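Enquirer: My structure is below; once you've seen it, I'll send some questions.
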Amino acid sequence: MLPRQTAHTLISCQLLSQVRRYVTVRSGRNLQQKFYENRILDRYTAQEPKKVTLRQLVLFGRQLTEDKLIASANYVRGELPVRLAHRISDFQYLPYIAGTNPHLKTVYDLYWRAFDEFRKLPVVKTLQDNRRFCDAVRRNLLEHSQVIPQLGMGVSECAGLVAPDEIDRFMSQMLVSRISRRTLAEQHIALSQQFDEDLRSHLGLSVDESFDQLNQAPAGFATQRIGIVRADCSAIQIINDSALRVAELLEEAHNLPPGAAPQVLVEGHTDAMFMCIPEHFSYIMHELLKNSMDHVIRRFSERLDESAVDGAASGPLFPPIRVTICSSHADIMIRVSDQSGGIDPDVLPYIWSFTQPVKAKRLHNFHAIQRMEAKPAEASSLSPLVSFGFGLPMSRVYAKYWGGNVNVHSLPGYGVDAYVQLPRLGNVVENIGARRAQAHGD
């Protein structure tokens, strides 16, 4: 009979051996699974995205036939997993501490599931196949509406743990790639909806009559649609619409009487037209005008008290915001000028960052929301007084995606001039990174 201590040691060694064997087997399975997943991923990251221009999207939609719609579906079906694969690869190069963040892990898992689903989708051959494909894409878009809040929370929690430049580069790449995928997906869904609407009308079917089983359009049927792109977008119309929405939101938030918000005066080439996706341009203008109006109201808030004492104001309570449109053959420039007093010098160096300490604190506000698609329509459900530290850098991401830019110049003690530059003709290829080495300038 073994002494108690020796027996205890022997049992412990046996248990330890079993644990080690379990861990080894489990780790081996994880490594095998990881190796398998990376081999699949590598096949897609070896491919470059097939980039498009706005003009190509417009021309493709004109004279849209069944064959062209099916071709569009298969182009999107092939592109989505390639673009997702490059971003999944970016996650794998994050420092370990960032990769373990639960919010970033949620985004990684969302991307991997979407990648795995899209790469397995069968070739689209019929209109019925296309409708099923569009349903799958819609589900994916809805599920991924939580990506921006999850990225925001994850990045805010990584501030101070990861180099700010590295996490800013990661965040920008995630967002521009997200825009590119949603652009392709939403464009194809819009074309499919418009095609089916025109086909229904051509066949004389009522709204209640289903034609889901119709696999083929009549011979010679075509429609003239261009999806979510506008070939003749009016700059002043979008600016005025954005100004009206922002004024209403801020009047309510600051308890101002209707019509009291700073006026927006538009001047310059007010008849300028350009090719764009209106939602993208609207988002940029909404953010710039919201920043200008809010800071002008805050700077001159004492006028509200004076107006209340003196009775009805004889003129505008606030100095106006001036928007100047300048259109050349190739570009359109928008300048937004205000008298907000300028940007705090402590904040100015970090306005384009997501993760510098000043900005990272604001990203914590993403804990209060579950979904965000970075679209102007969401503004009514979010208080304009809650800052996410997100709007300005996201506006630049939208502009750069189509070969433009957003810049800000602060005039200390006076105000801010913000400049938006966008190509007019839609002939600039989408600006997305592909390989990680290219994104890092290696």
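Starting from 1 in every chain, residues are counted up; chains themselves are A, B, ... following the order of the structure tokens, and ligands are numbered from 1 as listed.
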From a DSSP calculation on the backbone, collect every residue of range 133-249 of chain A in helix (DSSP H, G or I) and output the set as number ranges by chain.
Expert: A: 133-158, 164-203, 235-249
Enquirer: Would you list the contacts of Asn140 in chain A as a PyMOL selection string, taking every protein, DNA or RNA residue within 9 Å and counting only C-alpha atoms, but skipping same-chain residues closer than 5 positions in sequence?
Expert: chain A and resi 114+135+145
Enquirer: Which one is closest to Val82 in chain A: A:Gly61, A:Val52, A:Thr45, A:Arg178? Count only C-alpha atoms.
Expert: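 For Val82 in chain A, the nearest of the given residues is A:Thr45.
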Enquirer: Using only C-alpha atoms, pick whichever of A:Leu348, A:Ile284, A:Leu41, A:Leu161 has the shortest atom-to-atom distance to Tyr419 in chain A.
Expert: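 Counting only C-alpha atoms, the residue closest to Tyr419 in chain A is A:Ile284.
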Enquirer: List as a PDB file with C-alpha atoms, in the first residue's frame the protein and nucleic acid residues near Leu141 in chain A, meaning an atom at most 9 Å away when only C-alpha atoms are counted, but skip any in the same chain fewer than 3 places from it.
Expert:
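Writing the result to result.pdb gives the following:
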ATOM      1  CA  ALA A 136     -30.156  36.905 -47.920  1.00  0.00           C
ATOM      2  CA  VAL A 137     -28.408  40.240 -48.511  1.00  0.00           C
ATOM      3  CA  ARG A 138     -31.175  42.160 -46.719  1.00  0.00           C
ATOM      4  CA  HIS A 144     -24.711  44.199 -39.544  1.00  0.00           C
ATOM      5  CA  SER A 145     -26.463  47.399 -38.477  1.00  0.00           C
ATOM      6  CA  ARG A 182     -23.315  48.283 -48.448  1.00  0.00           C
ATOM      7  CA  ALA A 185     -25.592  45.425 -51.792  1.00  0.00           C
ATOM      8  CA  GLU A 186     -28.044  48.334 -51.653  1.00  0.00           C
TER       9      GLU A 186
END
Enquirer: Neighbours of Lys125 in chain A within 8 Å (only C-alpha atoms; same-chain residues fewer than 3 positions away dropped), as number ranges by chain?
Expert: A: 70, 129-130
Enquirer: Write the residues of the preceding selection, restricted to C-alpha atoms, as a short mmCIF file (atom, residue, chain, number, x, y, z; two decimals), in the first residue's frame.
Expert:
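What ended up in again_28.cif:
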data_model
loop_
_atom_site.label_atom_id
_atom_site.label_comp_id
_atom_site.auth_asym_id
_atom_site.auth_seq_id
_atom_site.Cartn_x
_atom_site.Cartn_y
_atom_site.Cartn_z
CA ILE A 70 -28.49 38.35 -63.06
CA ASP A 129 -32.81 32.89 -57.57
CA ASN A 130 -32.15 36.62 -57.51
#
Enquirer: Interatomic distance between CA of Met275 in chain A and CA of Arg139 in chain A?
Expert: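 Atom-to-atom, CA of Met275 in chain A and CA of Arg139 in chain A are spaced 28.7 Å apart.
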Enquirer: So that I can check the surroundings of Tyr283 in chain A, please list as a ChimeraX atom specification every protein, DNA and RNA residue that reaches within 12 Å of it, counting only C-alpha atoms and ignoring chain neighbours fewer than 5 positions away.
Expert: /A:238-239,241-243,245-246,277-278,288-290,373-379,390-399,420
Enquirer: With N, CA, C and O atoms kept, could you save the residues just selected as a CSV table (one decimal), in the first residue's frame?
Expert:
chain,number,residue,atom,x,y,z
A,238,ILE,N,-29.9,69.2,-51.5
A,238,ILE,CA,-29.5,68.4,-50.4
A,238,ILE,C,-29.1,69.3,-49.2
A,238,ILE,O,-29.4,69.0,-48.1
A,239,ILE,N,-28.4,70.4,-49.5
A,239,ILE,CA,-27.9,71.3,-48.5
A,239,ILE,C,-29.1,71.9,-47.8
A,239,ILE,O,-29.2,71.9,-46.5
A,241,ASP,N,-32.2,70.7,-47.6
A,241,ASP,CA,-33.0,69.7,-46.9
A,241,ASP,C,-32.2,69.4,-45.6
A,241,ASP,O,-32.9,69.2,-44.5
A,242,SER,N,-30.9,69.3,-45.7
A,242,SER,CA,-30.1,69.0,-44.5
A,242,SER,C,-30.2,70.1,-43.4
A,242,SER,O,-30.4,69.8,-42.2
A,243,ALA,N,-30.2,71.3,-43.9
A,243,ALA,CA,-30.3,72.5,-43.0
A,243,ALA,C,-31.6,72.5,-42.3
A,243,ALA,O,-31.7,72.8,-41.1
A,245,ARG,N,-33.6,69.9,-41.6
A,245,ARG,CA,-33.7,68.8,-40.6
A,245,ARG,C,-32.9,69.2,-39.4
A,245,ARG,O,-33.3,69.0,-38.3
A,246,VAL,N,-31.7,69.7,-39.6
A,246,VAL,CA,-30.8,70.0,-38.5
A,246,VAL,C,-31.4,71.1,-37.6
A,246,VAL,O,-31.4,71.0,-36.4
A,277,ILE,N,-24.2,59.4,-54.6
A,277,ILE,CA,-25.2,58.7,-53.9
A,277,ILE,C,-25.8,59.7,-52.8
A,277,ILE,O,-25.0,60.0,-51.9
A,278,PRO,N,-27.0,60.1,-53.0
A,278,PRO,CA,-27.5,61.2,-52.1
A,278,PRO,C,-27.3,61.0,-50.6
A,278,PRO,O,-27.0,61.9,-49.9
A,288,LEU,N,-21.8,68.3,-40.9
A,288,LEU,CA,-21.1,69.7,-40.9
A,288,LEU,C,-22.1,70.7,-40.4
A,288,LEU,O,-21.7,71.6,-39.6
A,289,LEU,N,-23.3,70.7,-40.9
A,289,LEU,CA,-24.3,71.8,-40.5
A,289,LEU,C,-24.7,71.6,-39.0
A,289,LEU,O,-24.9,72.6,-38.3
A,290,LYS,N,-24.8,70.4,-38.6
A,290,LYS,CA,-25.1,70.1,-37.1
A,290,LYS,C,-24.0,70.7,-36.2
A,290,LYS,O,-24.3,71.3,-35.2
A,373,GLU,N,-26.5,52.9,-38.8
A,373,GLU,CA,-26.1,52.6,-40.2
A,373,GLU,C,-25.4,53.9,-40.8
A,373,GLU,O,-25.0,53.9,-42.0
A,374,ALA,N,-25.2,54.9,-40.0
A,374,ALA,CA,-24.5,56.2,-40.5
A,374,ALA,C,-25.3,56.7,-41.7
A,374,ALA,O,-24.7,57.0,-42.7
A,375,LYS,N,-26.6,56.9,-41.5
A,375,LYS,CA,-27.5,57.5,-42.5
A,375,LYS,C,-28.2,58.7,-41.9
A,375,LYS,O,-28.6,58.7,-40.7
A,376,PRO,N,-28.5,59.7,-42.7
A,376,PRO,CA,-29.2,60.9,-42.2
A,376,PRO,C,-30.6,60.6,-41.5
A,376,PRO,O,-31.0,61.3,-40.6
A,377,ALA,N,-31.3,59.6,-42.0
A,377,ALA,CA,-32.6,59.3,-41.5
A,377,ALA,C,-32.6,58.9,-40.0
A,377,ALA,O,-33.6,58.9,-39.3
A,378,GLU,N,-31.4,58.5,-39.5
A,378,GLU,CA,-31.3,58.0,-38.1
A,378,GLU,C,-31.3,59.2,-37.2
A,378,GLU,O,-31.4,59.1,-36.0
A,379,ALA,N,-31.0,60.4,-37.7
A,379,ALA,CA,-30.8,61.6,-36.9
A,379,ALA,C,-32.0,61.9,-35.9
A,379,ALA,O,-31.8,62.3,-34.8
A,390,PHE,N,-17.7,60.8,-33.7
A,390,PHE,CA,-17.8,59.9,-34.9
A,390,PHE,C,-18.1,60.6,-36.2
A,390,PHE,O,-17.6,60.2,-37.3
A,391,GLY,N,-19.0,61.6,-36.1
A,391,GLY,CA,-19.6,62.2,-37.3
A,391,GLY,C,-18.5,62.8,-38.3
A,391,GLY,O,-18.6,62.6,-39.5
A,392,LEU,N,-17.6,63.6,-37.7
A,392,LEU,CA,-16.6,64.2,-38.6
A,392,LEU,C,-15.7,63.3,-39.3
A,392,LEU,O,-15.5,63.3,-40.5
A,393,PRO,N,-15.0,62.3,-38.6
A,393,PRO,CA,-14.2,61.3,-39.3
A,393,PRO,C,-15.0,60.5,-40.2
A,393,PRO,O,-14.5,60.1,-41.3
A,394,MET,N,-16.2,60.1,-39.9
A,394,MET,CA,-17.1,59.3,-40.8
A,394,MET,C,-17.4,60.1,-42.0
A,394,MET,O,-17.4,59.5,-43.1
A,395,SER,N,-17.6,61.4,-41.9
A,395,SER,CA,-17.9,62.2,-43.1
A,395,SER,C,-16.7,62.2,-44.0
A,395,SER,O,-16.8,62.1,-45.3
A,396,ARG,N,-15.5,62.2,-43.5
A,396,ARG,CA,-14.3,62.2,-44.3
A,396,ARG,C,-14.2,60.8,-45.0
A,396,ARG,O,-13.7,60.7,-46.2
A,397,VAL,N,-14.5,59.7,-44.3
A,397,VAL,CA,-14.5,58.4,-44.9
A,397,VAL,C,-15.4,58.3,-46.1
A,397,VAL,O,-15.1,57.8,-47.1
A,398,TYR,N,-16.6,58.9,-45.9
A,398,TYR,CA,-17.6,58.9,-47.0
A,398,TYR,C,-17.0,59.6,-48.2
A,398,TYR,O,-17.1,59.2,-49.4
A,399,ALA,N,-16.4,60.8,-48.0
A,399,ALA,CA,-15.9,61.6,-49.1
A,399,ALA,C,-14.7,60.9,-49.7
A,399,ALA,O,-14.6,60.9,-51.0
A,420,VAL,N,-15.7,70.6,-48.3
A,420,VAL,CA,-16.0,69.3,-48.8
A,420,VAL,C,-15.6,69.3,-50.3
A,420,VAL,O,-16.1,70.2,-51.0
Enquirer: Which residues are close to Asp232 in chain A, i.e. within 9 Å by only C-alpha atoms, leaving aside same-chain residues fewer than 4 positions away? Reply as a PDB file with C-alpha atoms, in the first residue's frame.
Expert:
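For reference, around_7.pdb as written:
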ATOM      1  CA  MET A 273     -25.285  69.283 -60.390  1.00  0.00           C
ATOM      2  CA  PHE A 274     -23.091  66.261 -59.814  1.00  0.00           C
ATOM      3  CA  MET A 275     -23.214  62.472 -59.727  1.00  0.00           C
ATOM      4  CA  CYS A 276     -23.445  60.963 -56.262  1.00  0.00           C
TER       5      CYS A 276
END
Enquirer: Excluding Ile40 in chain A and any residue of its chain fewer than 5 positions from it, enumerate the residues within 12 Å of it, using only C-alpha atoms, and give them as a PyMOL selection string.
Expert: chain A and resi 33-35+45-46+81-82+85+88-89+112+115-116+119-120
Enquirer: Please, could you write that set of residues out with N, CA, C and O atoms as a PDB file, in the first residue's frame?
Expert:
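Written out: out_30.pdb:
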ATOM      1  N   GLN A  33      -8.854  23.612 -36.999  1.00  0.00           N
ATOM      2  CA  GLN A  33      -9.957  24.436 -37.479  1.00  0.00           C
ATOM      3  C   GLN A  33      -9.454  25.780 -37.966  1.00  0.00           C
ATOM      4  O   GLN A  33      -9.860  26.279 -39.015  1.00  0.00           O
ATOM      5  N   LYS A  34      -8.543  26.381 -37.191  1.00  0.00           N
ATOM      6  CA  LYS A  34      -7.983  27.681 -37.563  1.00  0.00           C
ATOM      7  C   LYS A  34      -7.220  27.579 -38.871  1.00  0.00           C
ATOM      8  O   LYS A  34      -7.325  28.447 -39.738  1.00  0.00           O
ATOM      9  N   PHE A  35      -6.438  26.496 -39.020  1.00  0.00           N
ATOM     10  CA  PHE A  35      -5.673  26.297 -40.249  1.00  0.00           C
ATOM     11  C   PHE A  35      -6.606  26.159 -41.447  1.00  0.00           C
ATOM     12  O   PHE A  35      -6.387  26.744 -42.513  1.00  0.00           O
ATOM     13  N   THR A  45      -8.424  36.444 -49.846  1.00  0.00           N
ATOM     14  CA  THR A  45      -7.565  37.624 -49.670  1.00  0.00           C
ATOM     15  C   THR A  45      -6.535  37.720 -50.785  1.00  0.00           C
ATOM     16  O   THR A  45      -5.950  38.785 -51.001  1.00  0.00           O
ATOM     17  N   ALA A  46      -6.289  36.610 -51.496  1.00  0.00           N
ATOM     18  CA  ALA A  46      -5.377  36.653 -52.645  1.00  0.00           C
ATOM     19  C   ALA A  46      -6.009  37.368 -53.835  1.00  0.00           C
ATOM     20  O   ALA A  46      -5.318  37.714 -54.801  1.00  0.00           O
ATOM     21  N   PRO A  81     -17.760  38.305 -50.408  1.00  0.00           N
ATOM     22  CA  PRO A  81     -16.813  37.509 -49.620  1.00  0.00           C
ATOM     23  C   PRO A  81     -15.365  37.956 -49.775  1.00  0.00           C
ATOM     24  O   PRO A  81     -14.582  37.859 -48.825  1.00  0.00           O
ATOM     25  N   VAL A  82     -14.987  38.479 -50.938  1.00  0.00           N
ATOM     26  CA  VAL A  82     -13.619  38.969 -51.129  1.00  0.00           C
ATOM     27  C   VAL A  82     -13.367  40.181 -50.236  1.00  0.00           C
ATOM     28  O   VAL A  82     -12.353  40.252 -49.524  1.00  0.00           O
ATOM     29  N   ALA A  85     -13.274  39.154 -46.600  1.00  0.00           N
ATOM     30  CA  ALA A  85     -12.064  38.399 -46.260  1.00  0.00           C
ATOM     31  C   ALA A  85     -10.904  39.322 -45.915  1.00  0.00           C
ATOM     32  O   ALA A  85     -10.147  39.065 -44.977  1.00  0.00           O
ATOM     33  N   ILE A  88     -11.528  40.645 -42.420  1.00  0.00           N
ATOM     34  CA  ILE A  88     -11.309  39.595 -41.422  1.00  0.00           C
ATOM     35  C   ILE A  88      -9.812  39.426 -41.188  1.00  0.00           C
ATOM     36  O   ILE A  88      -9.358  39.258 -40.054  1.00  0.00           O
ATOM     37  N   SER A  89      -9.055  39.486 -42.254  1.00  0.00           N
ATOM     38  CA  SER A  89      -7.596  39.387 -42.138  1.00  0.00           C
ATOM     39  C   SER A  89      -7.038  40.524 -41.281  1.00  0.00           C
ATOM     40  O   SER A  89      -6.116  40.321 -40.479  1.00  0.00           O
ATOM     41  N   TRP A 112     -17.231  36.938 -40.112  1.00  0.00           N
ATOM     42  CA  TRP A 112     -16.915  35.572 -40.535  1.00  0.00           C
ATOM     43  C   TRP A 112     -18.177  34.825 -40.976  1.00  0.00           C
ATOM     44  O   TRP A 112     -18.163  34.118 -41.994  1.00  0.00           O
ATOM     45  N   PHE A 115     -19.132  36.144 -44.364  1.00  0.00           N
ATOM     46  CA  PHE A 115     -18.184  35.630 -45.356  1.00  0.00           C
ATOM     47  C   PHE A 115     -18.502  34.180 -45.695  1.00  0.00           C
ATOM     48  O   PHE A 115     -18.561  33.794 -46.873  1.00  0.00           O
ATOM     49  N   ASP A 116     -18.719  33.361 -44.677  1.00  0.00           N
ATOM     50  CA  ASP A 116     -18.985  31.939 -44.887  1.00  0.00           C
ATOM     51  C   ASP A 116     -20.306  31.730 -45.629  1.00  0.00           C
ATOM     52  O   ASP A 116     -20.415  30.842 -46.485  1.00  0.00           O
ATOM     53  N   ARG A 119     -19.902  33.069 -49.473  1.00  0.00           N
ATOM     54  CA  ARG A 119     -19.033  32.259 -50.334  1.00  0.00           C
ATOM     55  C   ARG A 119     -19.703  30.942 -50.726  1.00  0.00           C
ATOM     56  O   ARG A 119     -19.321  30.307 -51.716  1.00  0.00           O
ATOM     57  N   LYS A 120     -20.702  30.521 -49.944  1.00  0.00           N
ATOM     58  CA  LYS A 120     -21.392  29.260 -50.219  1.00  0.00           C
ATOM     59  C   LYS A 120     -22.677  29.434 -51.037  1.00  0.00           C
ATOM     60  O   LYS A 120     -23.305  28.442 -51.416  1.00  0.00           O
TER      61      LYS A 120
END
